[in-house]
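K.L.:
Attaching a single structure in structure tokens format; questions to follow.
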Amino acid sequence: MMKKLIYLSFLLPLVGNAQTTIIKPSVKHPTAFAIVTDNQTYANTKEAMHLYKDAVEADGLATYLISGNFKNPDDVKLEIVKVYHECPTLEGIVLVGDIPIALVRNAQHMTTAFKMNEKSFPWPESSVPTDRFYDDLHLKFEYLKQDSVNPQHHYYKLTEDSPQHLNPTFYSARIKYPEKKGGDKYQAIAAYLKKAAAAKADKSNKLDQVFSFNGGSYNSDCLLVWMDEEKAYMENFPLAFGREMGFKHWNFRMRHPMKYRLFDELSRDDIDVFMFHEHGMPTGQLINDELACTSLDSRYKMLKSTFYNAVVDHARKEQSTDRVRLQMQEKRHLTDVFFKDLDNREWWAADSAHYADERINTIDLMSRNLKTNPKFIMFDACYNGSFHEEDYIAGQYIFNDGHTLVAQGNTRNVLQDRWTIEMIGLMSHGVRVGQYNRIIASLEGHLFGDPTLRFAPIEENTWSVDMTVRKTDKAYWESLLNSKYADIQSLAMRMLADLDTNKTLSGKFLEIYRTTPFNTTRMEAIKLLSRYKDGSFTEVLKEGVNDAYELAARLSANYAAFNGDESLIPYVVDALVEHNERLRVQMGAKKALSLFPKEKVRREVDAFYARKDRQNEDDEKNRLLRGLEATFAKDAKNHTVVMDMNASEKKRIAAIRTVRNFTFHPYVEDYLNLIRNESNPLEVRVAMTEALGWFTQSVKSPYIVSELKKYNHPSLPEDLRLEIEQTINRLTF
């Protein structure tokens, strides 16, 4: 009966309440989609809204259109849930216009990097703007309050008894106009919807034109990170690696400035996917680092700019440019002639232009009226997807006269060492962008534009639909484990892992890691095995830290840090010394070793050099040990503060928060004793309990859960009891 409802043709609205209207699908399809908008946006874009609805339906999705006067996110979610209950094969939604924004607290573990102290910083800064509030129906939230400045912003707390891991029920995207762009926002939204609708007429465009760019200071500027990504791209985008140039792989080092060449590439009519791997902010992208000084003239210009800007910066505080300049001259032995241009407007204009050329800002896009044409653009930088702001980079790229239909960006800062292109190749097989984004979700990561976008597949298939209608069909996904395509093997593994509630598949995933010919499938196996925390996970990390694919080695080193199994120490030492050209693997390996027992690490370093014949062995070994000793000393000092009952509460909590990034496995018993000791301040005990929630991949996590369950009882202070409940839920995924 439920299935029939999807297929019925309804043109009459289903009234949700006095202010909400739900227009039901006019066609039948296996899966459905919902457009959600506010009444004012709907009234001003009605024709375009229905053109888009019709185009989506013609492209294979039964489409609902929900409009209402929504006072808060709960009002919106109520209508979405109503549609989902009627149509459980709802695969995605798009939020158009002024849909209320949920800013979530108590959920930083669902982000990749964001760890701001919610008690010390203002709510607008320390909360995460996220549409996981709408698309992950497993999660439970408690309404806190409306923002006092922006009535569209509403604060929620993830409850302690909620699931503590993301598992979106369906995908979502935003079509939200950046207000600072100016003009009539409704006209702009209507134009975008018409563009998205018209694009669906082309059903033959295969994903064969791809561009990837790495900006300055990204991934430590490690050339091996950049070079090795091509191993993945060849698996993700096989059609782009034919006889004709279909793939471009650029790096900021190629030119200074690069942004004008990037504008040319963004304007190409044939481009399908464009990936920015860079640092960013809400309204800017870091493209180039400072130009390398290779001549006397360039060095002089750099010094001049550095000192001039230093004088101006200090003068703002001291209110006297002349005094600061004279102090600078005396300290640096500079002459009056050196500062002859300090008040020269032309010099300052040239200096500003030089630094402006190192970034792409929203002002660049608006002033040039740049037409961007990639159908899909990835921004894996911090903040480029800050749709809660009046202006944001991702919004500028979809709201122009070019052909860009979807952008992917983040509302908060993000981790560099993450798998930013995980399963992106699903789009080569006709999987809708929304379906791809759903399975790699983070709390801060979002789509902007039309999430139903899809390219013509390499071969005809039903995988995009199957991800919804056959998601529980274990036999079907097992049949795809031998697919000739890397991303389909990875997808099959992921779907099976989601079904593996009894945790029986770790051995199978280890076998796939060892036998698959694909780099990205090996990486997927490593990632999925991190859920199991068993012997297979330990074994894959022993091999993974020396994997031929740099990202697999890098993330294996990071997982080794979070896992803490002491049998990993010799393998991490080997990766650290033998592959020192892999800068990010080095970082992960050094961090991992700092989290193991000091004496065992030292013994393994000695053992490594005893069995290896290396040039300058003594110097290399001593340099390595000195670095480790310094780290161990720093960590021991931090631990002393954590445990010092005479230290201030503020200092102890600051030290405890370090444990969120550095899971010191040897100190677990100390941490548990701190929580048990009622002589410690309650806030310190709560902070320590929260920090233990970051031991999700640790070999100590079962023990932590067991001990917290023993200790937890109704008579505990409520804050501590709730934090214990949340930590247990986090560690038992």
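Just so we're on the same page: first chain in the structure tokens is A, next is B, and so on; residues restart at 1 for each chain, and ligands are numbered from 1 in the order they show up.
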Just want the 12 Å neighbourhood of stretch 345-355 of chain A, counted on only C-alpha atoms, with same-chain residues fewer than 5 positions away dropped. Output as a PyMOL selection string.
P.N.:
chain A and resi 256-257+259+286-291+301-306+308-309+312+339-340+360-361+364
K.L.:
Could you go through stretch 526-610 of chain A and tell me which residues DSSP, when run on the backbone, assigns to helix (DSSP H, G or I), listing them as a PDB file with N, CA, C and O atoms, in the first residue's frame?
P.N.:
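File produced: part.pdb:
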ATOM      1  N   ILE A 526      40.348   0.006   4.220  1.00  0.00           N
ATOM      2  CA  ILE A 526      40.970   0.507   5.446  1.00  0.00           C
ATOM      3  C   ILE A 526      39.968   1.322   6.252  1.00  0.00           C
ATOM      4  O   ILE A 526      39.832   1.147   7.472  1.00  0.00           O
ATOM      5  N   LYS A 527      39.252   2.202   5.571  1.00  0.00           N
ATOM      6  CA  LYS A 527      38.298   3.057   6.269  1.00  0.00           C
ATOM      7  C   LYS A 527      37.188   2.236   6.922  1.00  0.00           C
ATOM      8  O   LYS A 527      36.814   2.482   8.075  1.00  0.00           O
ATOM      9  N   LEU A 528      36.661   1.265   6.210  1.00  0.00           N
ATOM     10  CA  LEU A 528      35.582   0.453   6.766  1.00  0.00           C
ATOM     11  C   LEU A 528      36.075  -0.417   7.917  1.00  0.00           C
ATOM     12  O   LEU A 528      35.353  -0.633   8.898  1.00  0.00           O
ATOM     13  N   LEU A 529      37.296  -0.914   7.826  1.00  0.00           N
ATOM     14  CA  LEU A 529      37.830  -1.733   8.912  1.00  0.00           C
ATOM     15  C   LEU A 529      38.021  -0.924  10.188  1.00  0.00           C
ATOM     16  O   LEU A 529      38.064  -1.493  11.293  1.00  0.00           O
ATOM     17  N   GLY A 535      41.265  -7.566  15.144  1.00  0.00           N
ATOM     18  CA  GLY A 535      42.548  -7.987  14.605  1.00  0.00           C
ATOM     19  C   GLY A 535      42.730  -7.661  13.139  1.00  0.00           C
ATOM     20  O   GLY A 535      43.844  -7.369  12.690  1.00  0.00           O
ATOM     21  N   SER A 536      41.646  -7.697  12.373  1.00  0.00           N
ATOM     22  CA  SER A 536      41.739  -7.375  10.943  1.00  0.00           C
ATOM     23  C   SER A 536      42.099  -5.909  10.737  1.00  0.00           C
ATOM     24  O   SER A 536      42.840  -5.562   9.809  1.00  0.00           O
ATOM     25  N   PHE A 537      41.576  -5.055  11.608  1.00  0.00           N
ATOM     26  CA  PHE A 537      41.922  -3.637  11.517  1.00  0.00           C
ATOM     27  C   PHE A 537      43.408  -3.446  11.804  1.00  0.00           C
ATOM     28  O   PHE A 537      44.113  -2.725  11.080  1.00  0.00           O
ATOM     29  N   THR A 538      43.907  -4.100  12.832  1.00  0.00           N
ATOM     30  CA  THR A 538      45.330  -3.997  13.155  1.00  0.00           C
ATOM     31  C   THR A 538      46.185  -4.500  11.998  1.00  0.00           C
ATOM     32  O   THR A 538      47.185  -3.876  11.627  1.00  0.00           O
ATOM     33  N   GLU A 539      45.784  -5.624  11.411  1.00  0.00           N
ATOM     34  CA  GLU A 539      46.564  -6.198  10.306  1.00  0.00           C
ATOM     35  C   GLU A 539      46.583  -5.275   9.091  1.00  0.00           C
ATOM     36  O   GLU A 539      47.614  -5.118   8.439  1.00  0.00           O
ATOM     37  N   VAL A 540      45.456  -4.669   8.769  1.00  0.00           N
ATOM     38  CA  VAL A 540      45.427  -3.804   7.589  1.00  0.00           C
ATOM     39  C   VAL A 540      46.274  -2.557   7.812  1.00  0.00           C
ATOM     40  O   VAL A 540      46.875  -2.025   6.880  1.00  0.00           O
ATOM     41  N   LEU A 541      46.371  -2.097   9.059  1.00  0.00           N
ATOM     42  CA  LEU A 541      47.199  -0.925   9.337  1.00  0.00           C
ATOM     43  C   LEU A 541      48.684  -1.267   9.230  1.00  0.00           C
ATOM     44  O   LEU A 541      49.488  -0.427   8.794  1.00  0.00           O
ATOM     45  N   LYS A 542      49.056  -2.474   9.609  1.00  0.00           N
ATOM     46  CA  LYS A 542      50.456  -2.895   9.471  1.00  0.00           C
ATOM     47  C   LYS A 542      50.893  -2.824   8.016  1.00  0.00           C
ATOM     48  O   LYS A 542      52.031  -2.415   7.712  1.00  0.00           O
ATOM     49  N   GLU A 543      50.015  -3.211   7.122  1.00  0.00           N
ATOM     50  CA  GLU A 543      50.329  -3.159   5.691  1.00  0.00           C
ATOM     51  C   GLU A 543      50.063  -1.765   5.125  1.00  0.00           C
ATOM     52  O   GLU A 543      50.786  -1.284   4.246  1.00  0.00           O
ATOM     53  N   GLY A 544      49.020  -1.120   5.649  1.00  0.00           N
ATOM     54  CA  GLY A 544      48.585   0.147   5.078  1.00  0.00           C
ATOM     55  C   GLY A 544      49.575   1.279   5.238  1.00  0.00           C
ATOM     56  O   GLY A 544      49.673   2.151   4.371  1.00  0.00           O
ATOM     57  N   GLU A 550      49.708   6.921  -1.527  1.00  0.00           N
ATOM     58  CA  GLU A 550      50.094   7.781  -0.414  1.00  0.00           C
ATOM     59  C   GLU A 550      48.960   8.028   0.555  1.00  0.00           C
ATOM     60  O   GLU A 550      49.168   8.023   1.783  1.00  0.00           O
ATOM     61  N   LEU A 551      47.752   8.262   0.069  1.00  0.00           N
ATOM     62  CA  LEU A 551      46.640   8.550   0.978  1.00  0.00           C
ATOM     63  C   LEU A 551      46.352   7.354   1.877  1.00  0.00           C
ATOM     64  O   LEU A 551      46.064   7.519   3.066  1.00  0.00           O
ATOM     65  N   ALA A 552      46.428   6.144   1.324  1.00  0.00           N
ATOM     66  CA  ALA A 552      46.195   4.949   2.137  1.00  0.00           C
ATOM     67  C   ALA A 552      47.253   4.843   3.235  1.00  0.00           C
ATOM     68  O   ALA A 552      46.936   4.509   4.380  1.00  0.00           O
ATOM     69  N   ALA A 553      48.494   5.156   2.908  1.00  0.00           N
ATOM     70  CA  ALA A 553      49.553   5.128   3.911  1.00  0.00           C
ATOM     71  C   ALA A 553      49.347   6.225   4.946  1.00  0.00           C
ATOM     72  O   ALA A 553      49.522   6.009   6.153  1.00  0.00           O
ATOM     73  N   ARG A 554      48.963   7.407   4.483  1.00  0.00           N
ATOM     74  CA  ARG A 554      48.763   8.543   5.391  1.00  0.00           C
ATOM     75  C   ARG A 554      47.651   8.270   6.389  1.00  0.00           C
ATOM     76  O   ARG A 554      47.804   8.464   7.602  1.00  0.00           O
ATOM     77  N   LEU A 555      46.504   7.826   5.888  1.00  0.00           N
ATOM     78  CA  LEU A 555      45.375   7.589   6.794  1.00  0.00           C
ATOM     79  C   LEU A 555      45.611   6.349   7.657  1.00  0.00           C
ATOM     80  O   LEU A 555      45.102   6.285   8.784  1.00  0.00           O
ATOM     81  N   SER A 556      46.376   5.397   7.163  1.00  0.00           N
ATOM     82  CA  SER A 556      46.740   4.251   8.014  1.00  0.00           C
ATOM     83  C   SER A 556      47.588   4.713   9.188  1.00  0.00           C
ATOM     84  O   SER A 556      47.421   4.243  10.324  1.00  0.00           O
ATOM     85  N   ALA A 557      48.515   5.639   8.934  1.00  0.00           N
ATOM     86  CA  ALA A 557      49.330   6.186  10.024  1.00  0.00           C
ATOM     87  C   ALA A 557      48.453   6.920  11.027  1.00  0.00           C
ATOM     88  O   ALA A 557      48.637   6.798  12.247  1.00  0.00           O
ATOM     89  N   ASN A 558      47.483   7.675  10.525  1.00  0.00           N
ATOM     90  CA  ASN A 558      46.567   8.385  11.424  1.00  0.00           C
ATOM     91  C   ASN A 558      45.701   7.413  12.217  1.00  0.00           C
ATOM     92  O   ASN A 558      45.473   7.600  13.420  1.00  0.00           O
ATOM     93  N   TYR A 559      45.210   6.379  11.541  1.00  0.00           N
ATOM     94  CA  TYR A 559      44.416   5.366  12.247  1.00  0.00           C
ATOM     95  C   TYR A 559      45.269   4.646  13.302  1.00  0.00           C
ATOM     96  O   TYR A 559      44.773   4.295  14.376  1.00  0.00           O
ATOM     97  N   ALA A 560      46.535   4.418  12.993  1.00  0.00           N
ATOM     98  CA  ALA A 560      47.417   3.766  13.971  1.00  0.00           C
ATOM     99  C   ALA A 560      47.514   4.599  15.243  1.00  0.00           C
ATOM    100  O   ALA A 560      47.551   4.058  16.354  1.00  0.00           O
ATOM    101  N   ALA A 561      47.535   5.916  15.065  1.00  0.00           N
ATOM    102  CA  ALA A 561      47.560   6.801  16.230  1.00  0.00           C
ATOM    103  C   ALA A 561      46.301   6.641  17.065  1.00  0.00           C
ATOM    104  O   ALA A 561      46.371   6.574  18.298  1.00  0.00           O
ATOM    105  N   PHE A 562      45.173   6.571  16.415  1.00  0.00           N
ATOM    106  CA  PHE A 562      43.911   6.479  17.138  1.00  0.00           C
ATOM    107  C   PHE A 562      43.627   5.063  17.644  1.00  0.00           C
ATOM    108  O   PHE A 562      42.823   4.883  18.552  1.00  0.00           O
ATOM    109  N   ASN A 563      44.302   4.062  17.051  1.00  0.00           N
ATOM    110  CA  ASN A 563      44.052   2.682  17.440  1.00  0.00           C
ATOM    111  C   ASN A 563      44.858   2.264  18.666  1.00  0.00           C
ATOM    112  O   ASN A 563      44.321   1.700  19.610  1.00  0.00           O
ATOM    113  N   GLU A 566      49.840  -1.915  20.303  1.00  0.00           N
ATOM    114  CA  GLU A 566      51.290  -1.784  20.385  1.00  0.00           C
ATOM    115  C   GLU A 566      52.035  -2.631  19.365  1.00  0.00           C
ATOM    116  O   GLU A 566      53.216  -2.376  19.082  1.00  0.00           O
ATOM    117  N   SER A 567      51.362  -3.622  18.775  1.00  0.00           N
ATOM    118  CA  SER A 567      52.012  -4.414  17.724  1.00  0.00           C
ATOM    119  C   SER A 567      52.246  -3.594  16.458  1.00  0.00           C
ATOM    120  O   SER A 567      52.992  -4.010  15.569  1.00  0.00           O
ATOM    121  N   LEU A 568      51.636  -2.402  16.382  1.00  0.00           N
ATOM    122  CA  LEU A 568      51.810  -1.530  15.218  1.00  0.00           C
ATOM    123  C   LEU A 568      53.110  -0.736  15.266  1.00  0.00           C
ATOM    124  O   LEU A 568      53.552  -0.199  14.235  1.00  0.00           O
ATOM    125  N   ILE A 569      53.730  -0.648  16.432  1.00  0.00           N
ATOM    126  CA  ILE A 569      54.871   0.259  16.597  1.00  0.00           C
ATOM    127  C   ILE A 569      55.976   0.017  15.565  1.00  0.00           C
ATOM    128  O   ILE A 569      56.436   0.961  14.915  1.00  0.00           O
ATOM    129  N   PRO A 570      56.453  -1.232  15.366  1.00  0.00           N
ATOM    130  CA  PRO A 570      57.546  -1.411  14.389  1.00  0.00           C
ATOM    131  C   PRO A 570      57.169  -1.010  12.971  1.00  0.00           C
ATOM    132  O   PRO A 570      58.011  -0.519  12.209  1.00  0.00           O
ATOM    133  N   TYR A 571      55.920  -1.193  12.598  1.00  0.00           N
ATOM    134  CA  TYR A 571      55.475  -0.833  11.243  1.00  0.00           C
ATOM    135  C   TYR A 571      55.415   0.683  11.069  1.00  0.00           C
ATOM    136  O   TYR A 571      55.745   1.211  10.004  1.00  0.00           O
ATOM    137  N   VAL A 572      55.010   1.369  12.126  1.00  0.00           N
ATOM    138  CA  VAL A 572      54.969   2.830  12.073  1.00  0.00           C
ATOM    139  C   VAL A 572      56.384   3.394  12.029  1.00  0.00           C
ATOM    140  O   VAL A 572      56.665   4.335  11.267  1.00  0.00           O
ATOM    141  N   VAL A 573      57.296   2.822  12.811  1.00  0.00           N
ATOM    142  CA  VAL A 573      58.694   3.256  12.776  1.00  0.00           C
ATOM    143  C   VAL A 573      59.265   3.063  11.377  1.00  0.00           C
ATOM    144  O   VAL A 573      59.947   3.941  10.827  1.00  0.00           O
ATOM    145  N   ASP A 574      58.979   1.925  10.775  1.00  0.00           N
ATOM    146  CA  ASP A 574      59.466   1.629   9.426  1.00  0.00           C
ATOM    147  C   ASP A 574      58.969   2.672   8.426  1.00  0.00           C
ATOM    148  O   ASP A 574      59.737   3.187   7.607  1.00  0.00           O
ATOM    149  N   ALA A 575      57.671   3.004   8.495  1.00  0.00           N
ATOM    150  CA  ALA A 575      57.108   3.994   7.576  1.00  0.00           C
ATOM    151  C   ALA A 575      57.718   5.374   7.808  1.00  0.00           C
ATOM    152  O   ALA A 575      57.970   6.130   6.865  1.00  0.00           O
ATOM    153  N   LEU A 576      57.973   5.692   9.072  1.00  0.00           N
ATOM    154  CA  LEU A 576      58.520   7.003   9.417  1.00  0.00           C
ATOM    155  C   LEU A 576      59.916   7.189   8.834  1.00  0.00           C
ATOM    156  O   LEU A 576      60.234   8.242   8.273  1.00  0.00           O
ATOM    157  N   VAL A 577      60.753   6.160   8.936  1.00  0.00           N
ATOM    158  CA  VAL A 577      62.146   6.304   8.510  1.00  0.00           C
ATOM    159  C   VAL A 577      62.320   6.019   7.017  1.00  0.00           C
ATOM    160  O   VAL A 577      63.029   6.755   6.315  1.00  0.00           O
ATOM    161  N   GLU A 578      61.672   4.982   6.527  1.00  0.00           N
ATOM    162  CA  GLU A 578      61.897   4.554   5.147  1.00  0.00           C
ATOM    163  C   GLU A 578      61.222   5.453   4.114  1.00  0.00           C
ATOM    164  O   GLU A 578      61.647   5.505   2.961  1.00  0.00           O
ATOM    165  N   LEU A 583      55.513  13.572   3.289  1.00  0.00           N
ATOM    166  CA  LEU A 583      55.490  14.514   4.411  1.00  0.00           C
ATOM    167  C   LEU A 583      54.293  14.313   5.325  1.00  0.00           C
ATOM    168  O   LEU A 583      54.406  14.415   6.549  1.00  0.00           O
ATOM    169  N   ARG A 584      53.125  14.032   4.754  1.00  0.00           N
ATOM    170  CA  ARG A 584      51.937  13.883   5.592  1.00  0.00           C
ATOM    171  C   ARG A 584      51.922  12.516   6.296  1.00  0.00           C
ATOM    172  O   ARG A 584      51.375  12.385   7.397  1.00  0.00           O
ATOM    173  N   VAL A 585      52.505  11.497   5.669  1.00  0.00           N
ATOM    174  CA  VAL A 585      52.650  10.207   6.352  1.00  0.00           C
ATOM    175  C   VAL A 585      53.575  10.384   7.546  1.00  0.00           C
ATOM    176  O   VAL A 585      53.340   9.837   8.633  1.00  0.00           O
ATOM    177  N   GLN A 586      54.638  11.176   7.351  1.00  0.00           N
ATOM    178  CA  GLN A 586      55.558  11.469   8.442  1.00  0.00           C
ATOM    179  C   GLN A 586      54.823  12.091   9.633  1.00  0.00           C
ATOM    180  O   GLN A 586      55.030  11.693  10.780  1.00  0.00           O
ATOM    181  N   MET A 587      53.975  13.058   9.349  1.00  0.00           N
ATOM    182  CA  MET A 587      53.236  13.714  10.428  1.00  0.00           C
ATOM    183  C   MET A 587      52.384  12.715  11.197  1.00  0.00           C
ATOM    184  O   MET A 587      52.360  12.701  12.430  1.00  0.00           O
ATOM    185  N   GLY A 588      51.671  11.862  10.450  1.00  0.00           N
ATOM    186  CA  GLY A 588      50.822  10.869  11.100  1.00  0.00           C
ATOM    187  C   GLY A 588      51.622   9.854  11.896  1.00  0.00           C
ATOM    188  O   GLY A 588      51.230   9.461  13.007  1.00  0.00           O
ATOM    189  N   ALA A 589      52.760   9.429  11.346  1.00  0.00           N
ATOM    190  CA  ALA A 589      53.585   8.431  12.031  1.00  0.00           C
ATOM    191  C   ALA A 589      54.183   9.004  13.317  1.00  0.00           C
ATOM    192  O   ALA A 589      54.229   8.327  14.354  1.00  0.00           O
ATOM    193  N   LYS A 590      54.663  10.241  13.260  1.00  0.00           N
ATOM    194  CA  LYS A 590      55.221  10.869  14.468  1.00  0.00           C
ATOM    195  C   LYS A 590      54.154  11.014  15.550  1.00  0.00           C
ATOM    196  O   LYS A 590      54.407  10.772  16.739  1.00  0.00           O
ATOM    197  N   LYS A 591      52.967  11.416  15.126  1.00  0.00           N
ATOM    198  CA  LYS A 591      51.876  11.540  16.095  1.00  0.00           C
ATOM    199  C   LYS A 591      51.552  10.179  16.707  1.00  0.00           C
ATOM    200  O   LYS A 591      51.373  10.059  17.926  1.00  0.00           O
ATOM    201  N   ALA A 592      51.487   9.151  15.864  1.00  0.00           N
ATOM    202  CA  ALA A 592      51.150   7.812  16.355  1.00  0.00           C
ATOM    203  C   ALA A 592      52.155   7.349  17.400  1.00  0.00           C
ATOM    204  O   ALA A 592      51.781   6.840  18.471  1.00  0.00           O
ATOM    205  N   LEU A 593      53.445   7.515  17.118  1.00  0.00           N
ATOM    206  CA  LEU A 593      54.460   7.049  18.054  1.00  0.00           C
ATOM    207  C   LEU A 593      54.378   7.784  19.383  1.00  0.00           C
ATOM    208  O   LEU A 593      54.667   7.212  20.443  1.00  0.00           O
ATOM    209  N   SER A 594      53.972   9.047  19.354  1.00  0.00           N
ATOM    210  CA  SER A 594      53.871   9.814  20.599  1.00  0.00           C
ATOM    211  C   SER A 594      52.752   9.320  21.501  1.00  0.00           C
ATOM    212  O   SER A 594      52.713   9.654  22.689  1.00  0.00           O
ATOM    213  N   LYS A 598      56.403   5.162  25.850  1.00  0.00           N
ATOM    214  CA  LYS A 598      57.693   5.740  25.465  1.00  0.00           C
ATOM    215  C   LYS A 598      58.786   4.680  25.329  1.00  0.00           C
ATOM    216  O   LYS A 598      59.523   4.647  24.328  1.00  0.00           O
ATOM    217  N   GLU A 599      58.951   3.820  26.317  1.00  0.00           N
ATOM    218  CA  GLU A 599      60.045   2.855  26.300  1.00  0.00           C
ATOM    219  C   GLU A 599      59.889   1.845  25.172  1.00  0.00           C
ATOM    220  O   GLU A 599      60.884   1.402  24.573  1.00  0.00           O
ATOM    221  N   LYS A 600      58.644   1.466  24.866  1.00  0.00           N
ATOM    222  CA  LYS A 600      58.422   0.505  23.776  1.00  0.00           C
ATOM    223  C   LYS A 600      58.744   1.133  22.429  1.00  0.00           C
ATOM    224  O   LYS A 600      59.263   0.463  21.525  1.00  0.00           O
ATOM    225  N   VAL A 601      58.462   2.414  22.283  1.00  0.00           N
ATOM    226  CA  VAL A 601      58.811   3.108  21.038  1.00  0.00           C
ATOM    227  C   VAL A 601      60.323   3.164  20.879  1.00  0.00           C
ATOM    228  O   VAL A 601      60.870   2.879  19.804  1.00  0.00           O
ATOM    229  N   ARG A 602      60.995   3.515  21.951  1.00  0.00           N
ATOM    230  CA  ARG A 602      62.463   3.605  21.877  1.00  0.00           C
ATOM    231  C   ARG A 602      63.077   2.252  21.527  1.00  0.00           C
ATOM    232  O   ARG A 602      64.023   2.170  20.724  1.00  0.00           O
ATOM    233  N   ARG A 603      62.575   1.168  22.118  1.00  0.00           N
ATOM    234  CA  ARG A 603      63.103  -0.170  21.808  1.00  0.00           C
ATOM    235  C   ARG A 603      62.915  -0.509  20.335  1.00  0.00           C
ATOM    236  O   ARG A 603      63.805  -1.094  19.707  1.00  0.00           O
ATOM    237  N   GLU A 604      61.758  -0.133  19.773  1.00  0.00           N
ATOM    238  CA  GLU A 604      61.506  -0.442  18.366  1.00  0.00           C
ATOM    239  C   GLU A 604      62.371   0.405  17.437  1.00  0.00           C
ATOM    240  O   GLU A 604      62.767  -0.053  16.364  1.00  0.00           O
ATOM    241  N   VAL A 605      62.671   1.630  17.850  1.00  0.00           N
ATOM    242  CA  VAL A 605      63.592   2.457  17.054  1.00  0.00           C
ATOM    243  C   VAL A 605      64.978   1.810  17.061  1.00  0.00           C
ATOM    244  O   VAL A 605      65.644   1.692  16.017  1.00  0.00           O
ATOM    245  N   ASP A 606      65.441   1.379  18.235  1.00  0.00           N
ATOM    246  CA  ASP A 606      66.738   0.695  18.326  1.00  0.00           C
ATOM    247  C   ASP A 606      66.743  -0.566  17.458  1.00  0.00           C
ATOM    248  O   ASP A 606      67.725  -0.841  16.746  1.00  0.00           O
ATOM    249  N   ALA A 607      65.648  -1.327  17.518  1.00  0.00           N
ATOM    250  CA  ALA A 607      65.563  -2.576  16.748  1.00  0.00           C
ATOM    251  C   ALA A 607      65.589  -2.301  15.248  1.00  0.00           C
ATOM    252  O   ALA A 607      66.199  -3.056  14.476  1.00  0.00           O
ATOM    253  N   PHE A 608      64.938  -1.217  14.835  1.00  0.00           N
ATOM    254  CA  PHE A 608      64.919  -0.871  13.411  1.00  0.00           C
ATOM    255  C   PHE A 608      66.338  -0.610  12.912  1.00  0.00           C
ATOM    256  O   PHE A 608      66.765  -1.152  11.886  1.00  0.00           O
ATOM    257  N   TYR A 609      67.086   0.217  13.640  1.00  0.00           N
ATOM    258  CA  TYR A 609      68.428   0.560  13.182  1.00  0.00           C
ATOM    259  C   TYR A 609      69.403  -0.605  13.337  1.00  0.00           C
ATOM    260  O   TYR A 609      70.428  -0.671  12.641  1.00  0.00           O
ATOM    261  N   ALA A 610      69.074  -1.546  14.209  1.00  0.00           N
ATOM    262  CA  ALA A 610      69.921  -2.733  14.351  1.00  0.00           C
ATOM    263  C   ALA A 610      69.800  -3.650  13.141  1.00  0.00           C
ATOM    264  O   ALA A 610      70.763  -4.349  12.786  1.00  0.00           O
TER     265      ALA A 610
END
K.L.:
Please, what distance in Å, to one decimal, runs between atom CA of A:Phe518 and atom CA of A:His446?
P.N.:
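Spanning atom CA of A:Phe518 to atom CA of A:His446 is a straight-line distance of 27.7 Å.
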K.L.:
Just how far from atom CA of A:Ser506 is atom CA of A:Tyr532, in Å to one decimal?
P.N.:
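One can read the atom CA of A:Tyr532 to atom CA of A:Ser506 distance as 6.7 Å.
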K.L.:
Write out as a VMD selection string which residues come within 9 Å of A:Ala190 when counting only C-alpha atoms, dropping same-chain ones fewer than 4 positions away.
P.N.:
chain A and resid 44 to 49 185 to 186 194 to 195
